[in-house]
file run.cif (mmCIF, C-alpha atoms)
data_protein
loop_
_atom_site.label_atom_id
_atom_site.label_comp_id
_atom_site.auth_asym_id
_atom_site.auth_seq_id
_atom_site.Cartn_x
_atom_site.Cartn_y
_atom_site.Cartn_z
CA THR D 294 96.11 137.21 43.57
CA PRO D 295 93.93 140.31 43.83
CA ALA D 296 95.68 143.50 44.73
CA PHE D 297 94.90 145.31 47.96
CA ILE D 298 94.28 148.94 47.10
CA LEU D 299 93.83 151.45 49.89
CA THR D 300 92.86 155.00 49.03
CA LYS D 301 95.17 157.63 50.34
CA THR D 302 93.76 159.46 53.30
CA PRO D 303 95.18 162.40 55.24
CA ASN D 304 96.96 161.73 58.49
CA THR D 305 94.22 163.48 60.40
CA GLU D 306 91.56 160.95 59.36
CA SER D 307 90.64 158.19 61.78
CA GLY D 308 91.31 154.52 61.29
CA ALA D 309 87.60 153.91 60.80
CA HIS D 310 87.58 156.31 57.85
CA ALA D 311 90.55 154.48 56.35
CA ILE D 312 88.82 151.07 56.69
CA SER D 313 85.64 152.48 55.20
CA ALA D 314 87.57 153.86 52.27
CA PHE D 315 89.28 150.48 51.79
CA THR D 316 86.00 148.53 51.73
CA GLN D 317 84.30 150.97 49.38
CA HIS D 318 86.98 150.73 46.74
CA PRO D 319 85.67 148.63 43.80
CA LYS D 320 88.76 146.45 43.56
CA ASN D 321 88.64 145.58 47.30
CA LYS D 322 84.99 144.47 47.57
CA ASN D 323 85.69 140.86 46.59
CA ILE D 324 88.50 140.67 49.13
CA CYS D 325 86.16 141.90 51.86
CA LYS D 326 83.52 139.33 50.97
CA TYR D 327 86.12 136.57 51.09
CA ILE D 328 87.31 137.66 54.58
CA ILE D 329 83.74 137.79 55.90
CA LEU D 330 83.08 134.29 54.53
CA LEU D 331 86.13 132.88 56.31
CA VAL D 332 85.07 134.45 59.61
CA ARG D 333 81.57 133.00 59.35
CA MET D 334 82.86 129.53 58.47
CA SER D 335 85.19 129.40 61.47
CA SER D 336 82.61 130.62 64.00
CA GLY D 337 81.24 128.09 66.48
CA ASN D 338 80.04 127.85 70.07
CA SER D 339 82.24 129.68 72.52
CA TYR D 340 82.62 126.67 74.84
CA GLY D 341 84.21 124.58 72.08
CA GLY D 342 83.05 121.24 70.84
CA GLY D 343 80.25 122.85 68.80
CA ARG D 344 79.45 122.78 65.12
CA THR D 345 81.11 125.06 62.60
CA ARG D 346 80.41 125.76 58.96
CA MET D 347 83.23 123.35 58.15
CA GLY D 348 82.11 120.53 60.50
CA SER D 349 82.03 119.51 64.17
CA LYS D 350 84.88 120.10 66.58
CA VAL D 351 86.29 117.07 68.33
CA LEU D 352 87.68 117.86 71.81
CA LEU D 353 89.51 115.60 74.21
CA ASN D 354 88.51 116.50 77.79
CA ILE D 355 91.10 115.38 80.34
CA TYR D 356 90.40 114.99 84.07
CA ASP D 357 92.55 114.38 87.15
CA LEU D 358 91.69 111.34 89.27
CA ALA D 359 94.38 112.17 91.83
CA PRO D 360 94.86 115.97 91.71
CA GLY D 361 97.61 116.13 94.34
CA ALA D 362 99.76 113.45 92.73
CA ASN D 363 98.99 114.61 89.18
CA ASN D 364 100.30 118.09 89.88
CA MET D 365 103.73 116.53 90.42
CA LEU D 366 103.48 113.80 87.77
CA TYR D 367 102.14 116.11 85.05
CA VAL D 368 105.48 117.89 84.61
CA VAL D 369 107.22 114.57 83.81
CA GLY D 370 104.55 113.37 81.39
CA LEU D 371 102.65 111.08 83.75
CA GLY D 372 99.42 111.15 85.70
CA LEU D 373 96.29 109.27 86.66
CA HIS D 374 93.78 110.65 84.15
CA HIS D 375 90.23 110.11 82.95
CA SER D 376 89.27 111.31 79.49
CA GLY D 377 86.23 111.74 77.29
CA VAL D 378 85.62 112.84 73.70
CA GLU D 379 83.30 115.82 73.25
CA ILE D 380 81.39 116.32 69.98
CA ASP D 381 78.49 118.74 69.44
CA GLY D 382 78.05 119.35 73.16
CA VAL D 383 78.00 115.65 74.14
CA GLU D 384 80.86 113.85 75.85
CA TYR D 385 81.47 110.14 75.18
CA SER D 386 83.44 107.93 77.55
CA PHE D 387 83.85 104.35 78.72
CA ALA D 388 83.35 102.70 82.14
CA GLN D 389 82.89 99.33 83.75
CA GLY D 390 79.31 98.09 83.71
CA ALA D 391 77.87 100.71 81.36
CA GLY D 392 80.40 100.38 78.54
CA ILE D 393 80.28 103.41 76.23
CA PHE D 394 78.08 106.16 77.67
CA GLU D 395 77.15 109.80 77.13
CA GLN D 396 77.24 112.68 79.60
CA SER D 397 77.43 116.46 79.85
CA PRO D 398 80.87 117.86 79.00
CA LYS D 399 83.34 118.62 81.76
CA VAL D 400 81.10 117.20 84.51
CA VAL D 401 82.56 114.08 86.16
CA PRO D 402 81.67 113.40 89.83
CA ASN D 403 84.84 111.54 90.85
CA ALA D 404 87.36 113.62 88.89
CA ILE D 405 88.50 117.21 88.42
CA PHE D 406 88.60 118.76 84.95
CA ARG D 407 92.12 119.73 83.84
CA GLU D 408 92.10 120.76 80.17
CA SER D 409 90.59 120.32 76.71
CA ILE D 410 92.65 119.46 73.64
CA ASP D 411 91.38 120.29 70.16
CA MET D 412 91.78 117.07 68.19
CA GLY D 413 90.41 118.46 64.92
CA VAL D 414 87.21 118.98 62.96
CA LEU D 415 84.91 116.24 61.76
CA THR D 416 84.17 117.33 58.19
CA ASP D 417 82.03 114.38 57.13
CA ALA D 418 78.34 115.31 57.10
CA PRO D 419 76.08 114.65 58.82
CA SER D 420 78.40 114.30 61.79
CA SER D 421 75.76 112.64 63.98
CA GLN D 422 75.60 109.64 61.65
CA VAL D 423 79.37 109.41 61.51
CA VAL D 424 79.54 109.42 65.31
CA ARG D 425 76.84 106.74 65.62
CA ARG D 426 78.60 104.48 63.13
CA ALA D 427 81.91 104.90 64.91
CA LEU D 428 80.36 104.10 68.29
CA ALA D 429 78.61 101.04 66.87
CA ASP D 430 81.93 99.73 65.59
CA LEU D 431 83.60 100.29 68.98
CA ARG D 432 80.90 98.80 71.21
CA GLU D 433 82.00 95.26 70.44
CA ASP D 434 85.44 95.91 71.93
CA PHE D 435 84.35 98.37 74.63
CA HIS D 436 81.35 96.68 76.26
CA GLY D 437 80.55 96.84 79.97
CA ASP D 438 82.49 93.71 80.99
CA ALA D 439 85.59 94.51 78.91
CA TYR D 440 86.89 97.27 81.20
CA HIS D 441 90.40 96.81 82.57
CA LEU D 442 92.24 99.53 84.42
CA ILE D 443 95.52 98.95 82.59
CA ARG D 444 94.71 97.19 79.29
CA ARG D 445 91.33 98.74 78.32
CA ASN D 446 90.27 101.86 80.15
CA CYS D 447 88.55 105.14 79.28
CA ASN D 448 91.73 106.54 77.71
CA HIS D 449 92.01 103.54 75.40
CA PHE D 450 88.46 104.23 74.26
CA ALA D 451 89.14 107.93 73.70
CA ASN D 452 92.20 107.06 71.62
CA ALA D 453 90.27 104.52 69.52
CA PHE D 454 87.35 106.92 69.04
CA CYS D 455 89.57 109.77 67.87
CA TRP D 456 91.43 107.42 65.56
CA VAL D 457 88.23 106.20 63.91
CA LEU D 458 86.92 109.74 63.45
CA LEU D 459 90.06 111.72 62.62
CA ARG D 460 92.92 109.21 62.28
CA LYS D 461 94.61 110.97 65.19
CA ALA D 462 95.88 109.53 68.45
CA ILE D 463 95.47 111.23 71.82
CA PRO D 464 98.61 112.61 73.55
CA ALA D 465 100.74 109.83 75.01
CA TYR D 466 100.95 111.29 78.53
CA VAL D 467 97.20 110.79 79.07
CA ASN D 468 97.53 107.01 79.30
CA ARG D 469 101.28 106.54 79.83
CA LEU D 470 100.85 105.48 83.46
CA ALA D 471 98.60 102.59 82.42
CA GLU D 472 101.15 101.46 79.84
CA LEU D 473 103.86 101.44 82.48
CA GLY D 474 101.53 99.60 84.87
CA ILE D 475 101.42 96.54 82.62
CA CYS D 476 104.76 95.50 84.11
CA CYS D 477 103.32 95.33 87.64
CA SER D 478 99.67 94.50 86.99
CA CYS D 479 100.11 91.14 88.71
CA LEU D 480 100.73 92.99 91.99
CA LEU D 481 97.41 94.84 91.91
CA PRO D 482 94.19 93.31 93.28
CA LYS D 483 91.72 91.98 90.71
CA LYS D 484 88.89 94.14 92.06
CA LEU D 485 90.93 97.27 91.42
CA LEU D 486 91.87 96.26 87.88
CA GLU D 487 88.32 95.39 86.81
CA ASP D 488 86.61 98.43 88.31
CA SER D 489 86.59 101.94 86.90
CA PRO D 490 87.15 105.08 88.99
CA VAL D 491 84.50 106.95 86.98
CA ARG D 492 80.98 105.62 86.58
CA ALA D 493 78.27 106.39 84.05
CA PRO D 494 75.56 108.85 85.14
CA GLY D 495 72.99 107.07 87.30
CA ASP D 496 75.31 104.22 88.25
CA THR D 497 75.46 104.23 92.06
CA THR D 498 77.70 101.16 92.38
CA ASN D 499 80.71 101.85 94.58
CA SER D 500 83.97 101.99 92.73
CA GLY D 501 86.89 99.80 93.73
CA PHE D 502 88.96 102.98 94.08
CA GLN D 503 86.86 103.98 97.08
CA LYS D 504 87.05 100.69 99.00
CA PHE D 505 90.22 101.10 100.99
CA GLY D 506 88.90 99.21 104.03
CA PRO D 507 85.89 97.35 105.41
CA THR D 508 82.65 99.21 105.45
CA ARG D 509 81.55 100.14 108.95
CA THR D 510 77.88 99.67 109.73
CA VAL D 511 76.27 102.39 111.82
CA VAL D 512 73.53 100.97 114.04
CA SER D 513 70.58 103.22 114.57
CA SER D 514 69.69 104.10 118.16
CA SER D 515 66.11 103.03 117.49
CA THR D 516 67.12 99.39 116.87
CA GLN D 517 69.82 99.06 119.52
CA PRO D 518 69.57 101.60 122.37
CA VAL D 519 72.76 102.64 124.02
CA PHE D 520 71.20 102.64 127.52
CA SER D 521 68.51 100.27 128.79
CA GLY D 522 66.50 100.01 132.01
CA SER D 523 64.89 102.61 134.20
CA GLY D 524 66.83 105.50 135.59
CA LEU D 525 66.87 106.87 139.13
CA ALA D 526 66.47 110.45 140.10
CA LEU D 527 69.00 111.98 142.47
CA GLY D 528 67.65 112.27 146.03
CA SER D 529 64.74 109.87 145.51
CA SER D 530 63.79 107.21 148.12
CA THR D 531 64.58 104.43 145.67
CA SER D 532 68.03 105.85 145.15
CA ARG D 533 68.64 106.08 148.95
CA ASN D 534 67.42 102.52 149.56
CA SER D 535 69.60 101.22 146.79
CA THR D 536 72.56 103.08 148.28
CA HIS D 537 71.93 101.61 151.74
CA ARG D 538 71.63 98.10 150.34
CA THR D 539 74.85 98.49 148.45
CA ALA D 540 76.70 99.76 151.54
CA ALA D 541 75.39 96.88 153.67
CA GLU D 542 76.42 94.32 151.10
CA ASP D 543 79.89 95.83 150.90
CA LEU D 544 80.21 95.70 154.72
CA THR D 545 79.19 92.02 154.77
CA ASP D 546 81.70 91.20 152.08
CA ARG D 547 84.48 92.95 153.95
CA ARG D 548 83.64 91.07 157.15
CA GLU D 549 83.61 87.75 155.37
CA ARG D 550 86.98 88.44 153.80
CA ALA D 551 88.40 89.44 157.21
CA ARG D 552 87.08 86.21 158.80
CA LYS D 553 88.65 84.07 156.10
CA ALA D 554 91.96 85.90 156.49
CA ALA D 555 91.96 85.30 160.29
CA LEU D 556 91.29 81.58 159.82
CA ALA D 557 94.11 81.37 157.33
CA ARG D 558 96.52 82.98 159.83
CA LEU D 559 95.44 80.54 162.56
CA ASP D 560 96.09 77.60 160.28
CA GLN D 561 99.55 78.93 159.51
CA ALA D 562 100.26 79.36 163.24
CA HIS D 563 99.26 75.73 164.07
CA GLN D 564 101.37 74.21 161.31
CA PRO D 565 104.78 74.85 163.05
CA ASP D 566 103.50 73.29 166.37
CA SER D 567 102.38 70.15 164.62
CA GLN D 568 105.71 69.91 162.85
CA GLU D 569 107.58 70.18 166.21
CA ASN D 570 105.39 67.42 167.76
CA ASN D 571 106.12 65.11 164.88
CA THR D 572 109.85 65.75 165.28
CA VAL D 573 109.77 64.94 169.04
CA ASN D 574 107.82 61.72 168.51
CA THR D 575 110.24 60.56 165.87
CA SER D 576 113.25 61.21 168.13
CA SER D 577 111.75 59.26 171.06
CA ASN D 578 111.03 56.31 168.88
CA LEU D 579 114.59 56.26 167.69
CA VAL D 580 115.94 56.32 171.31
CA GLU D 581 113.70 53.48 172.36
CA GLY D 582 114.84 51.49 169.36
CA ASN D 583 118.47 51.87 170.39
CA GLY D 584 117.64 50.67 173.93
CA GLY D 585 116.38 47.37 172.71
CA TYR D 586 112.82 48.20 171.72
CA LYS D 587 111.68 47.52 168.20
CA GLN D 588 110.36 50.55 166.33
CA SER D 589 106.82 50.02 165.22
#

call {"tool": "encode", "arguments": {"input": "run.cif", "output": "structure tokens"}}
result
Amino acid sequence: TPAFILTKTPNTESGAHAISAFTQHPKNKNICKYIILLVRMSSGNSYGGGRTRMGSKVLLNIYDLAPGANNMLYVVGLGLHHSGVEIDGVEYSFAQGAGIFEQSPKVVPNAIFRESIDMGVLTDAPSSQVVRRALADLREDFHGDAYHLIRRNCNHFANAFCWVLLRKAIPAYVNRLAELGICCSCLLPKKLLEDSPVRAPGDTTNSGFQKFGPTRTVVSSSTQPVFSGSGLALGSSTSRNSTHRTAAEDLTDRRERARKAALARLDQAHQPDSQENNTVNTSSNLVEGNGGYKQS
């Protein structure tokens, strides 16, 4: 191990003078070169996921599909998450219909970015060929029709992808809710299980997570007008005539109803008289029958 030798400087000298004296010492030059080499090898893009002198960073980008619920579930190691694997500025994920797809990092329309986890560095070169081979091996299991919300979702793909590249598994909390959901998958509708909450770029198909009720159709006013017919201006002759006709018709109706009511009352008044006459006739017939006459 080389010795670090620092020349003695007075207390009044600045730290910069001390560092300069350290680097200029003949026995410290090799140490300085080694430190500079390490700094250059570890430098990469500031956003992460870029290339370094040692290889390509592999980042796991995690998103919230239900931010309100995830804020409470996250502290107990649960949550409804979407994830993608970012390598060299490209994010790889999995969805229904498209299968494995590429997109810009940290940009998902139906989810909110939560965090990135550094999974490691891909040291095999060239990394692009390694990534293509890994994706080709995974496409057979992660094709467009293989998506299942609980048994084969985007988090399953991210875990398989990281395992092929780095022999590392993603954190368990990312997909723990799906693993617990296997016990009650029979209670969930088939449409929900076979549809993905996140779609590939350019896929405009509605997700099953957005269909909570029947779609309401809005009818344009040009095809079905709300009002039909011609209108009348206030104070016009047509409006006055129409008003007079309506009043006359109402008066006729009221008179007809009054006439029918009077006839009904007359009928009710005659009914008791007819009943009394029938009673008297019956009584007289009975008397005559007792006096020796036969009742007809």

call {"tool": "atom_distance", "arguments": {"input": "run.cif", "atom1": "CA of Val491 (chain D)", "atom2": "CA of Glu472 (chain D)"}}
result
18.9 Å

call {"tool": "axis_aligned_box", "arguments": {"input": "run.cif", "around": "region 464-473 of chain D", "padding_each_side": "8 Å", "output": "JSON"}}
result
{"center_x": 100.5, "center_y": 107.0, "center_z": 78.5, "size_x": 22.7, "size_y": 27.2, "size_z": 25.9}

call {"tool": "resolve_selection", "arguments": {"input": "run.cif", "expression": "the PyMOL selection byres ((chain D and resi 463) around 10)", "output": "PyMOL selection string"}}
result
chain D and resi 353+376+410+412+448-449+451-456+461-462+464-468

call {"tool": "residues_around", "arguments": {"input": "run.cif", "residues": "Asp496 (chain D)", "least_positions_apart": "4", "cutoff": "9 Å", "atoms": "all atoms listed in the file", "output": "list in words"}}
result
Gly390, Ala391 and Arg492 of chain D

call {"tool": "resolve_selection", "arguments": {"input": "run.cif", "expression": "the PyMOL selection byres ((chain D and resi 444) around 12)", "output": "ChimeraX atom specification"}}
result
/D:434-435,439-443,445-450,468-476,478,486-487

call {"tool": "resolve_selection", "arguments": {"input": "run.cif", "expression": "the PyMOL selection byres ((chain D and resi 363) around 12)", "output": "PyMOL selection string"}}
result
chain D and resi 355-362+364-375+404-407+466-467+470

call {"tool": "atom_distance", "arguments": {"input": "run.cif", "atom1": "CA of Gly377 (chain D)", "atom2": "CA of Lys484 (chain D)"}}
result
23.1 Å

call {"tool": "closest_residue", "arguments": {"input": "run.cif", "among": "D:Ala557, D:Ala493, D:Leu544, D:Leu352", "to": "Ile380 (chain D)", "atoms": "all atoms listed in the file"}}
result
D:Leu352

call {"tool": "closest_residue", "arguments": {"input": "run.cif", "among": "D:Lys399, D:Arg550, D:Arg460, D:His563", "to": "Glu384 (chain D)", "atoms": "all atoms listed in the file"}}
result
D:Lys399
